[in-house]
Every structure is written in structure tokens, then in C-alpha cells.
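To be precise, the following lines are run_9.txt, and they hold compact mmCIF, C-alpha atoms and all ligand atoms.
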# COMPACT_ATOMS: atom_id res chain seq x y z
CA MET A 137 96.70 111.77 136.71
CA ARG A 138 96.22 108.07 136.23
CA ASP A 139 98.79 106.00 134.38
CA PRO A 140 98.34 106.63 130.65
CA LEU A 141 100.24 103.47 129.72
CA SER A 142 99.31 99.83 129.53
CA LYS A 143 101.16 97.42 131.82
CA VAL A 144 102.27 95.30 128.90
CA ILE A 145 103.96 98.14 127.03
CA GLN A 146 105.76 99.27 130.17
CA SER A 147 107.17 95.79 130.66
CA ILE A 148 108.75 95.77 127.17
CA GLN A 149 112.36 96.95 126.74
CA PRO A 150 113.47 98.98 123.70
CA SER A 151 115.72 97.11 121.25
CA GLY A 152 119.32 96.74 122.47
CA ILE A 153 120.65 97.22 118.95
CA ARG A 154 120.01 100.94 118.67
CA LYS A 155 121.65 101.99 121.94
CA PHE A 156 125.18 101.88 120.55
CA PHE A 157 124.36 103.58 117.30
CA ASP A 158 123.10 106.71 118.96
CA ILE A 159 126.58 107.01 120.54
CA VAL A 160 128.30 106.25 117.21
CA ASN A 161 126.42 109.03 115.45
CA GLU A 162 127.92 111.56 117.85
CA MET A 163 131.50 110.24 117.54
CA THR A 164 133.88 111.40 114.83
CA ASP A 165 135.92 108.69 113.12
CA ALA A 166 133.79 105.88 114.54
CA ILE A 167 133.12 102.83 112.42
CA SER A 168 130.11 100.63 112.74
CA LEU A 169 129.67 96.96 111.88
CA GLY A 170 126.41 96.99 113.67
CA VAL A 171 123.48 97.62 111.43
CA GLY A 172 121.69 94.73 109.79
CA GLU A 173 121.00 96.22 106.41
CA PRO A 174 122.51 95.88 102.96
CA ASP A 175 125.06 98.55 102.01
CA PHE A 176 123.95 98.33 98.36
CA ASP A 177 121.55 100.79 96.79
CA THR A 178 118.34 99.23 95.55
CA PRO A 179 119.13 98.10 91.95
CA TRP A 180 118.36 100.92 89.55
CA HIS A 181 115.74 99.13 87.42
CA ILE A 182 113.74 98.46 90.59
CA ARG A 183 113.95 102.10 91.71
CA GLU A 184 113.04 103.18 88.19
CA GLU A 185 109.86 101.10 88.27
CA GLY A 186 108.86 102.82 91.52
CA ILE A 187 109.54 106.22 89.95
CA TYR A 188 107.63 105.26 86.81
CA SER A 189 104.61 104.24 88.86
CA LEU A 190 104.64 107.71 90.45
CA GLU A 191 104.94 109.37 87.04
CA GLN A 192 101.90 107.42 85.92
CA GLY A 193 99.97 108.75 88.90
CA LYS A 194 99.77 105.41 90.72
CA THR A 195 99.54 107.20 94.03
CA PHE A 196 96.43 105.58 95.48
CA TYR A 197 95.76 102.82 98.01
CA THR A 198 96.01 99.32 96.59
CA SER A 199 93.61 96.64 97.75
CA ASN A 200 94.19 95.79 101.41
CA ALA A 201 96.01 92.52 100.76
CA GLY A 202 98.20 94.12 98.10
CA LEU A 203 98.45 94.41 94.31
CA LYS A 204 97.17 91.31 92.58
CA GLU A 205 100.12 91.30 90.17
CA LEU A 206 102.57 91.37 93.08
CA LYS A 207 100.81 88.48 94.83
CA VAL A 208 100.93 86.54 91.57
CA GLU A 209 104.68 87.22 91.25
CA ILE A 210 105.27 86.12 94.86
CA SER A 211 103.29 82.96 94.24
CA ARG A 212 105.45 82.23 91.16
CA TYR A 213 108.60 83.02 93.12
CA LEU A 214 107.69 80.64 95.96
CA LYS A 215 107.00 77.90 93.44
CA ARG A 216 110.24 78.57 91.57
CA ARG A 217 112.53 78.91 94.59
CA GLN A 218 110.89 76.76 97.29
CA ASN A 219 108.63 74.48 95.29
CA ILE A 220 105.55 75.48 97.30
CA VAL A 221 102.30 76.28 95.53
CA TYR A 222 100.37 79.21 97.03
CA ASP A 223 97.16 80.65 95.69
CA PRO A 224 97.86 84.41 95.36
CA ASP A 225 94.84 84.96 97.63
CA ASP A 226 96.71 83.17 100.42
CA ILE A 227 99.38 85.87 100.34
CA ILE A 228 99.24 89.24 102.09
CA ILE A 229 101.60 92.12 101.34
CA THR A 230 102.82 93.80 104.52
CA VAL A 231 104.96 96.69 105.73
CA GLY A 232 108.16 94.66 105.87
CA GLY A 233 108.53 91.21 107.32
CA SER A 234 108.15 93.08 110.63
CA GLU A 235 104.46 93.70 110.18
CA ALA A 236 103.89 90.15 108.99
CA ILE A 237 105.43 88.79 112.22
CA ASP A 238 103.26 91.08 114.34
CA ILE A 239 99.94 90.42 112.66
CA ALA A 240 100.51 86.67 112.40
CA LEU A 241 101.03 86.48 116.16
CA ARG A 242 98.07 88.76 116.86
CA ALA A 243 95.81 86.72 114.59
CA MET A 244 96.76 83.41 116.19
CA LEU A 245 97.30 83.95 119.91
CA ASP A 246 94.86 83.91 122.80
CA PRO A 247 96.00 85.11 126.23
CA GLY A 248 98.35 82.58 127.79
CA ASP A 249 99.19 80.70 124.60
CA GLU A 250 102.88 79.84 124.52
CA VAL A 251 105.18 80.67 121.63
CA LEU A 252 108.47 78.83 121.35
CA ILE A 253 111.27 81.18 120.37
CA PRO A 254 114.74 79.77 119.67
CA GLN A 255 117.41 82.28 120.75
CA PRO A 256 119.72 83.98 119.89
CA CYS A 257 117.29 85.51 117.42
CA TYR A 258 115.94 88.68 115.88
CA VAL A 259 114.60 91.10 118.43
CA SER A 260 110.91 91.36 117.56
CA TYR A 261 109.46 87.90 118.26
CA VAL A 262 109.42 88.23 122.05
CA PRO A 263 107.82 91.70 122.31
CA CYS A 264 105.34 90.97 119.51
CA THR A 265 104.29 87.77 121.31
CA GLU A 266 103.82 89.72 124.55
CA LEU A 267 101.87 92.48 122.83
CA ALA A 268 99.59 89.81 121.37
CA GLY A 269 98.92 88.41 124.86
CA GLY A 270 101.06 85.32 124.33
CA VAL A 271 103.81 83.93 126.52
CA PRO A 272 107.29 83.65 124.97
CA VAL A 273 109.12 80.45 125.89
CA ILE A 274 112.80 80.60 125.02
CA ILE A 275 114.73 77.67 123.60
CA GLU A 276 118.44 78.32 124.02
CA LEU A 277 120.50 77.34 121.00
CA LYS A 278 124.10 76.33 121.50
CA GLU A 279 127.25 76.85 119.50
CA GLU A 280 128.11 73.16 119.85
CA ASP A 281 124.87 72.36 117.92
CA GLU A 282 125.88 74.95 115.27
CA PHE A 283 123.09 77.11 116.72
CA ARG A 284 120.52 74.80 115.12
CA LEU A 285 117.19 73.92 116.66
CA THR A 286 117.07 70.19 117.30
CA ALA A 287 113.90 68.09 117.53
CA GLU A 288 114.93 67.04 121.07
CA LYS A 289 115.21 70.63 122.28
CA LEU A 290 111.88 71.44 120.70
CA GLU A 291 110.15 68.43 122.25
CA ALA A 292 111.54 69.34 125.69
CA ALA A 293 110.08 72.88 125.55
CA ILE A 294 106.52 71.90 124.60
CA THR A 295 103.69 72.14 127.15
CA ASP A 296 99.94 71.79 126.71
CA LYS A 297 99.84 75.59 126.20
CA THR A 298 102.30 75.65 123.28
CA LYS A 299 100.72 76.92 120.09
CA ILE A 300 103.38 78.39 117.81
CA LEU A 301 107.01 77.66 117.02
CA VAL A 302 109.05 80.53 115.58
CA LEU A 303 111.61 79.26 113.07
CA PRO A 304 114.14 82.06 112.53
CA PHE A 305 116.46 80.60 109.89
CA PRO A 306 118.76 81.64 108.22
CA ASN A 307 119.37 83.22 111.58
CA ASN A 308 120.07 86.76 112.63
CA PRO A 309 122.47 87.01 114.55
CA THR A 310 124.25 83.62 114.31
CA GLY A 311 124.10 82.93 110.55
CA ALA A 312 122.92 79.37 111.32
CA ILE A 313 120.60 77.56 108.93
CA LEU A 314 118.48 74.43 109.18
CA GLU A 315 118.91 71.71 106.60
CA ARG A 316 116.23 69.42 105.24
CA SER A 317 117.00 66.66 107.73
CA ASP A 318 116.77 69.10 110.68
CA LEU A 319 113.43 70.35 109.37
CA GLU A 320 112.06 66.84 108.81
CA ALA A 321 112.75 65.96 112.44
CA ILE A 322 111.17 69.22 113.61
CA ALA A 323 108.13 68.67 111.37
CA LYS A 324 107.42 65.35 113.10
CA VAL A 325 107.34 67.03 116.50
CA VAL A 326 105.20 69.88 115.17
CA GLU A 327 102.66 67.42 113.79
CA LYS A 328 102.65 65.24 116.90
CA HIS A 329 101.87 68.22 119.15
CA ASP A 330 99.56 70.01 116.70
CA LEU A 331 101.64 73.21 116.56
CA PHE A 332 101.81 76.05 114.06
CA ILE A 333 105.00 77.54 112.66
CA LEU A 334 106.00 81.12 112.04
CA SER A 335 108.85 80.68 109.59
CA ASP A 336 110.84 83.89 109.16
CA GLU A 337 112.68 83.36 105.90
CA ILE A 338 113.77 86.95 105.30
CA TYR A 339 117.37 85.81 104.65
CA SER A 340 116.44 82.80 102.50
CA GLU A 341 118.24 84.16 99.41
CA LEU A 342 121.39 84.81 101.43
CA THR A 343 122.41 81.20 102.04
CA TYR A 344 126.05 80.53 101.14
CA LEU A 345 126.62 76.97 102.31
CA GLY A 346 123.96 74.34 101.76
CA GLU A 347 120.58 75.42 100.41
CA HIS A 348 117.62 77.11 101.97
CA VAL A 349 114.65 74.79 102.49
CA SER A 350 111.33 76.14 103.69
CA ILE A 351 109.57 73.96 106.23
CA ALA A 352 106.34 74.77 104.37
CA SER A 353 107.60 72.61 101.50
CA LEU A 354 107.63 69.45 103.65
CA PRO A 355 104.59 67.13 103.62
CA GLY A 356 101.81 68.33 105.93
CA MET A 357 103.59 71.55 106.90
CA LYS A 358 102.08 74.11 104.51
CA GLU A 359 98.77 73.92 106.40
CA ARG A 360 100.60 74.72 109.65
CA THR A 361 103.04 77.40 108.50
CA ILE A 362 102.97 81.14 108.08
CA LEU A 363 105.89 81.79 105.74
CA ILE A 364 107.34 85.26 106.11
CA ASN A 365 109.67 86.92 103.65
CA GLY A 366 110.30 90.34 102.19
CA PHE A 367 112.34 92.61 99.97
CA SER A 368 114.61 94.35 102.53
CA LYS A 369 117.54 91.97 102.58
CA ALA A 370 117.66 90.13 99.24
CA TYR A 371 116.90 93.18 97.08
CA ALA A 372 118.48 95.88 99.30
CA MET A 373 115.10 97.53 99.84
CA THR A 374 114.95 98.18 103.59
CA GLY A 375 113.54 101.69 103.26
CA TRP A 376 110.76 100.62 100.91
CA ARG A 377 109.16 98.74 103.81
CA LEU A 378 107.78 95.77 101.99
CA GLY A 379 107.33 92.15 102.99
CA TYR A 380 104.73 89.41 102.87
CA ALA A 381 103.20 86.42 104.56
CA ALA A 382 101.90 83.29 102.83
CA GLY A 383 99.88 80.71 104.68
CA PRO A 384 96.62 78.85 105.22
CA SER A 385 93.69 81.03 104.15
CA VAL A 386 91.96 80.67 107.56
CA ILE A 387 94.90 82.51 109.14
CA ILE A 388 95.70 84.93 106.30
CA LYS A 389 92.05 86.13 106.27
CA GLN A 390 92.26 87.11 109.94
CA MET A 391 95.70 88.73 109.49
CA LEU A 392 94.12 90.77 106.72
CA LYS A 393 91.58 92.21 109.16
CA ILE A 394 94.32 93.52 111.46
CA HIS A 395 96.29 94.84 108.49
CA GLN A 396 93.14 96.47 107.09
CA TYR A 397 92.38 98.37 110.28
CA ALA A 398 95.94 99.21 111.34
CA ILE A 399 97.73 99.79 108.03
CA MET A 400 95.19 99.84 105.17
CA CYS A 401 97.73 98.67 102.59
CA ALA A 402 101.51 98.44 102.12
CA PRO A 403 103.14 101.39 100.28
CA THR A 404 101.87 101.50 96.69
CA THR A 405 105.13 102.72 95.08
CA SER A 406 107.04 99.95 96.82
CA GLN A 407 104.61 97.34 95.56
CA TYR A 408 105.17 98.37 91.94
CA ALA A 409 108.92 98.33 92.48
CA ALA A 410 108.68 94.86 94.06
CA VAL A 411 106.90 93.45 91.00
CA GLU A 412 109.96 94.47 88.98
CA ALA A 413 112.29 92.99 91.64
CA LEU A 414 110.63 89.58 91.31
CA ARG A 415 110.34 89.70 87.52
CA ALA A 416 113.87 90.85 86.75
CA GLY A 417 115.93 90.94 89.94
CA ASP A 418 117.49 87.45 90.06
CA ASN A 419 120.85 88.67 88.76
CA ASP A 420 120.97 91.48 91.30
CA VAL A 421 120.34 89.03 94.11
CA LYS A 422 123.09 86.80 92.75
CA ARG A 423 125.56 89.69 92.46
CA MET A 424 124.92 90.96 95.99
CA LYS A 425 124.98 87.46 97.43
CA GLU A 426 128.40 86.81 95.84
CA SER A 427 129.69 89.99 97.35
CA TYR A 428 128.38 89.12 100.85
CA ASP A 429 129.92 85.69 100.52
CA GLN A 430 133.30 87.19 99.64
CA ARG A 431 133.07 89.43 102.71
CA ARG A 432 131.94 86.50 104.86
CA ARG A 433 135.02 84.50 103.91
CA PHE A 434 137.30 87.51 104.38
CA LEU A 435 135.83 88.28 107.79
CA LEU A 436 136.11 84.69 109.03
CA GLU A 437 139.74 84.50 108.01
CA GLU A 438 140.60 87.83 109.62
CA LEU A 439 138.72 87.00 112.84
CA GLY A 440 140.85 83.87 113.09
CA LYS A 441 144.02 85.94 112.67
CA ILE A 442 143.16 88.34 115.49
CA GLY A 443 142.17 85.50 117.81
CA LEU A 444 138.37 85.66 117.76
CA ASP A 445 136.86 82.16 117.53
CA CYS A 446 133.83 82.14 115.31
CA PHE A 447 131.20 79.63 114.32
CA THR A 448 131.00 79.49 110.50
CA PRO A 449 127.87 81.34 109.41
CA TYR A 450 125.95 79.65 106.59
CA GLY A 451 123.51 82.42 105.81
CA ALA A 452 122.30 86.01 106.44
CA PHE A 453 125.11 88.59 106.75
CA TYR A 454 126.33 88.26 110.31
CA ALA A 455 129.17 86.56 112.13
CA PHE A 456 128.78 85.69 115.80
CA PRO A 457 132.26 85.35 117.33
CA SER A 458 132.79 84.20 120.90
CA ILE A 459 134.58 86.46 123.38
CA LYS A 460 134.27 84.06 126.29
CA LYS A 461 138.02 83.63 126.66
CA PHE A 462 138.54 87.32 127.46
CA GLY A 463 136.62 87.21 130.73
CA MET A 464 134.35 90.14 129.88
CA THR A 465 130.63 90.26 129.32
CA SER A 466 129.42 91.01 125.80
CA ASP A 467 128.24 94.43 126.94
CA GLU A 468 131.57 95.30 128.56
CA PHE A 469 133.51 94.17 125.51
CA ALA A 470 131.31 96.09 123.07
CA GLU A 471 131.32 99.23 125.19
CA LYS A 472 135.10 99.24 125.74
CA LEU A 473 135.70 98.55 122.06
CA LEU A 474 133.54 101.50 121.14
CA MET A 475 135.14 103.88 123.62
CA GLU A 476 138.75 102.79 123.02
CA GLN A 477 138.80 101.94 119.32
CA LYS A 478 135.64 103.59 118.06
CA VAL A 479 134.23 100.42 116.56
CA ALA A 480 130.56 99.65 117.13
CA ILE A 481 129.32 96.07 117.15
CA VAL A 482 126.29 94.62 118.88
CA PRO A 483 126.62 92.57 122.10
CA GLY A 484 125.17 89.06 121.68
CA THR A 485 122.82 89.69 124.59
CA ALA A 486 120.76 92.04 122.39
CA PHE A 487 119.43 88.79 120.86
CA GLY A 488 118.62 86.98 124.10
CA ALA A 489 120.39 86.12 127.34
CA CYS A 490 122.07 83.08 125.75
CA GLY A 491 123.91 85.51 123.43
CA GLU A 492 126.13 86.30 126.43
CA GLY A 493 129.76 85.70 125.52
CA PHE A 494 129.20 86.57 121.83
CA LEU A 495 129.18 89.61 119.57
CA ARG A 496 127.27 90.18 116.38
CA ILE A 497 129.32 91.56 113.51
CA SER A 498 127.48 92.52 110.36
CA TYR A 499 129.43 92.04 107.14
CA ALA A 500 127.07 94.07 105.02
CA TYR A 501 129.91 96.58 104.83
CA SER A 502 132.66 97.14 102.25
CA ILE A 503 135.87 95.11 102.50
CA GLU A 504 137.69 98.44 103.15
CA ASP A 505 135.48 99.21 106.15
CA LEU A 506 135.80 95.64 107.39
CA LYS A 507 139.61 95.93 107.15
CA VAL A 508 139.75 99.15 109.17
CA ALA A 509 137.37 97.80 111.80
CA LEU A 510 139.22 94.48 112.09
CA ASP A 511 142.56 96.24 112.53
CA ARG A 512 141.08 98.22 115.39
CA ILE A 513 139.46 95.14 116.95
CA GLY A 514 142.84 93.38 116.66
CA GLU A 515 144.54 96.27 118.52
CA PHE A 516 141.84 96.17 121.17
CA ILE A 517 142.32 92.43 121.72
CA GLU A 518 146.08 92.91 122.05
CA SER A 519 145.47 95.52 124.69
CA ILE A 520 143.31 93.22 126.83
CA ILE A 521 145.25 89.95 126.70
C1 LIG B 601 115.36 87.90 111.04
C2 LIG B 601 114.66 89.16 110.63
N1 LIG B 601 113.34 89.11 110.39
C3 LIG B 601 112.67 90.19 110.02
C4 LIG B 601 113.28 91.42 109.88
C5 LIG B 601 112.47 92.59 109.49
O1 LIG B 601 112.79 93.07 108.24
P1 LIG B 601 111.82 93.99 107.38
O2 LIG B 601 110.73 94.47 108.26
O3 LIG B 601 112.69 95.10 106.88
O4 LIG B 601 111.32 93.12 106.28
C6 LIG B 601 114.66 91.53 110.12
C7 LIG B 601 115.36 92.82 110.03
O5 LIG B 601 116.49 93.00 110.43
C8 LIG B 601 115.37 90.36 110.50
O6 LIG B 601 116.69 90.39 110.75
Using the file provided, produce a representation of the structure as C-alpha cells.
Ligand SMILES: Cc1ncc(COP(=O)(O)O)c(C=O)c1O
Amino acid sequence: MRDPLSKVIQSIQPSGIRKFFDIVNEMTDAISLGVGEPDFDTPWHIREEGIYSLEQGKTFYTSNAGLKELKVEISRYLKRRQNIVYDPDDIIITVGGSEAIDIALRAMLDPGDEVLIPQPCYVSYVPCTELAGGVPVIIELKEEDEFRLTAEKLEAAITDKTKILVLPFPNNPTGAILERSDLEAIAKVVEKHDLFILSDEIYSELTYLGEHVSIASLPGMKERTILINGFSKAYAMTGWRLGYAAGPSVIIKQMLKIHQYAIMCAPTTSQYAAVEALRAGDNDVKRMKESYDQRRRFLLEELGKIGLDCFTPYGAFYAFPSIKKFGMTSDEFAEKLLMEQKVAIVPGTAFGACGEGFLRISYAYSIEDLKVALDRIGEFIESII
């Protein structure tokens, strides 16, 4: 039989995040700080709105790009929170931010086009670029730069094939953000080299130090930016699978074609629930954010006590401590920790080779769980020094 698979799919590795969690599920008494999703239930009034839409028989497809009223609410939200004015028709509702990333890359890339991807970063940008025929070009971010992308690093990575820059801030896994001055310097380089930006702002609401600024709000950048956001993180709605992209209509129109043929429309029930989230969810976001911030501060303090040096995360819900001083690779450390102390955390290398020497700890867990896990990590460190 001939090979049923494409060469490109065979060259792509499965995500390194899941590996550990399959082991954890089989272990009794194991504790995980690994998964990147809120531990809160979706706020009740948002769930209720989804249920109500079902009761009313709203069980049909919506228009391909999404419910008009949801696009209007997103447009209002982006004006209110980021001061960017989007026509609702320049917004497309997607199956999570994940789909938005995929279809943006597929709509914009020709074979051989280069996509600049700052790492460590979320796991989907590289494979989605490859699946779209593009060539990922990695920019390694460093702890000494607070894991920020600098204009100099960007400039150095550009070739005449570069088309898109991925801006993954607030960052998963480092918790780094970019401030206005960082973005202004980056915007100059983007303009000079005629690039486009895929700005993944899924953690924008979860910024604890400084404020989140979207690059699309800077002069001349809206025309070059696909802004991606969604409901998973800020509203604790991961399972509802809802996100969106906002951008120049020439790009959004083509993304809509892919979405139309591959997906049809995002889940209808989720779209009704999301309208409620945007109309009346600000206090929920605030409450959850305060709780993450409390855990962030607790975790940082405790990491210090057990001897794990950690860059201060500004946003998202991850800490990225260094384990370089223990003379083990990230994989070895994470595997031994799991086997000896039954604590699962993700090796930094799951987010790119430059994550070597780091671990990603999610603090979207209760303080009680964090305490138990940190005690065990502390014991583990004592046993290896
Ligand atoms: C940086 C980042 N972008 C996008 C996503 C995708 O989220 P969703 O598809 O649930 O919106 C995630 C999920 O972990 C993420 O961490």
C-alpha cells in the first residue's frame, strides 16, 4: 500500500504538554500544575444564557462569520478595552483562538513565506505555519530581556522572505508582556519591512503588572494586524470553544472562506453565552483575575523559599522558573519529579528548544493544591542538592 500520509503531517510532532498528563491520569495521589486552563467554572449567568438559548430552540447554524450581536459586542469590547475601532464585519467568530491562528496563517501564507515566532511560546504557531506551507523562523527570547521581544532581535531575524510576525503576549509559558514602548519600537521595524502581525492576545485580561496594550492600537498597525482573542481564559470557557479574530477586511474575508468550508460556524450555544459574557462579565473577569494574582504572588514567594529562581510573570497564569543550577535537563527534572514526588509540571522545552533549563508551572490551581505541590517540589529539590 502506498503511504496514506502527507510528508508535512509526518514531520510534525504531537504537543509535548500532553505526554505527562497521560501518565498523571494513571497515578493515584498525583498532583498536576500542568494544564493551562482556568480552574473556575464558567460564571453561572453565562452558562444560564447558553442554556436559555437551547430552551428557546436556538439550535441552528449561525451565519458563517458568527452572530451579528456577538460581533457587535466584540467590536464594543475592543473599543472599550483597547481603544481600537473595528467594524463588526471585520470580525470573525472562530472555534477558540486556536482556529483563528490556523486560518489566519492559511489565509496569508504562500509556500516558503517565513513566519517569525518568538519562543518560548504556545505550541501551535510552528505546526500551523508548517501546515500552511510557511517556514517558521524562531527568535529566541532570553530571561535577561525579561523574555520580551526587542526591536533589535526582530530586525536581525528578518529576511526578504519574512511575511508575518507572531506576537504572543502576554506569553504562555513565561508570563512576559510587552509594554507600549516595546511595541512602538517593534511597530517601526514591522512598517519598515512591510510585515504583518498575528497578535495572540488570549491572555490580555490577565495582566497583573503594567497594562495590556494591543499593537493594533498603535498608528499604522491596525491595517497590518490580525488580533486574536477568545473566551477560554478570561471567562473560564475553555470547553465552549469560542474565540475570534479581528483584522483588515481583505484578510478576514479570506479567513472566512476557510472557516466556511472547514467549520461552517462556531458553536451556536457558545455564541449566545459569549454575548452575555461581554455584556455582563466584567466583574467575573475582575474576580478571577484577583484570585490568579493572589496565587501568582503566593507561588513566587514559595518558589523563592524552596530555591527555585523565577522571572516575575506579568501576565497569563504561568510561572517559568529556572532549574539550570541543578544540572539536569528540563525533561529529566520533570520526569524525576513526577516519578518521585508525583507532581506533574511541563518541561520548558515543550515551548521551544530555548525553554531548556526552565519549567512551566501553571497557577490556575487552588492555593491548597499549590501548597501541596510546592511542598513536594521542595522535598524533591532537597533530595537532589
Ligand atoms: C497563547 C495561547 N493562545 C491560544 C490558545 C488557544 O486557546 P483557545 O483555542 O481555547 O481559545 C492558548 C491555549 O492554551 C494559548 O495558551
So what do you get for CA of Leu354 in chain A versus CA of Leu319 in chain A, distance-wise?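 Value for the CA of Leu354 in chain A-CA of Leu319 in chain A distance: 8.2 Å.
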Considering only C-alpha atoms, state which residue in the set A:Ile351, A:Asp467, A:Phe453, A:Leu378 is at the smallest distance from Ala409 in chain A.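 For Ala409 in chain A, the nearest of the candidates is A:Leu378.
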Report as a VMD selection string which protein, DNA and RNA residues come within 9 Å of ligand LIG 601 (chain B), using only C-alpha atoms and all ligand atoms. chain A and resid 171 to 173 230 to 237 257 to 261 304 to 309 336 to 339 364 to 369 373 to 380 452
Using CA of Ser502 in chain A and CA of Pro174 in chain A as the two end points, give the distance in Å to one decimal.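 Interatomic distance, CA of Ser502 in chain A to CA of Pro174 in chain A: 10.3 Å.
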Can you measure CA of Leu277 in chain A to CA of Ala243 in chain A for me? One decimal in Å is fine.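 Between these atoms lies a distance of 27.2 Å.
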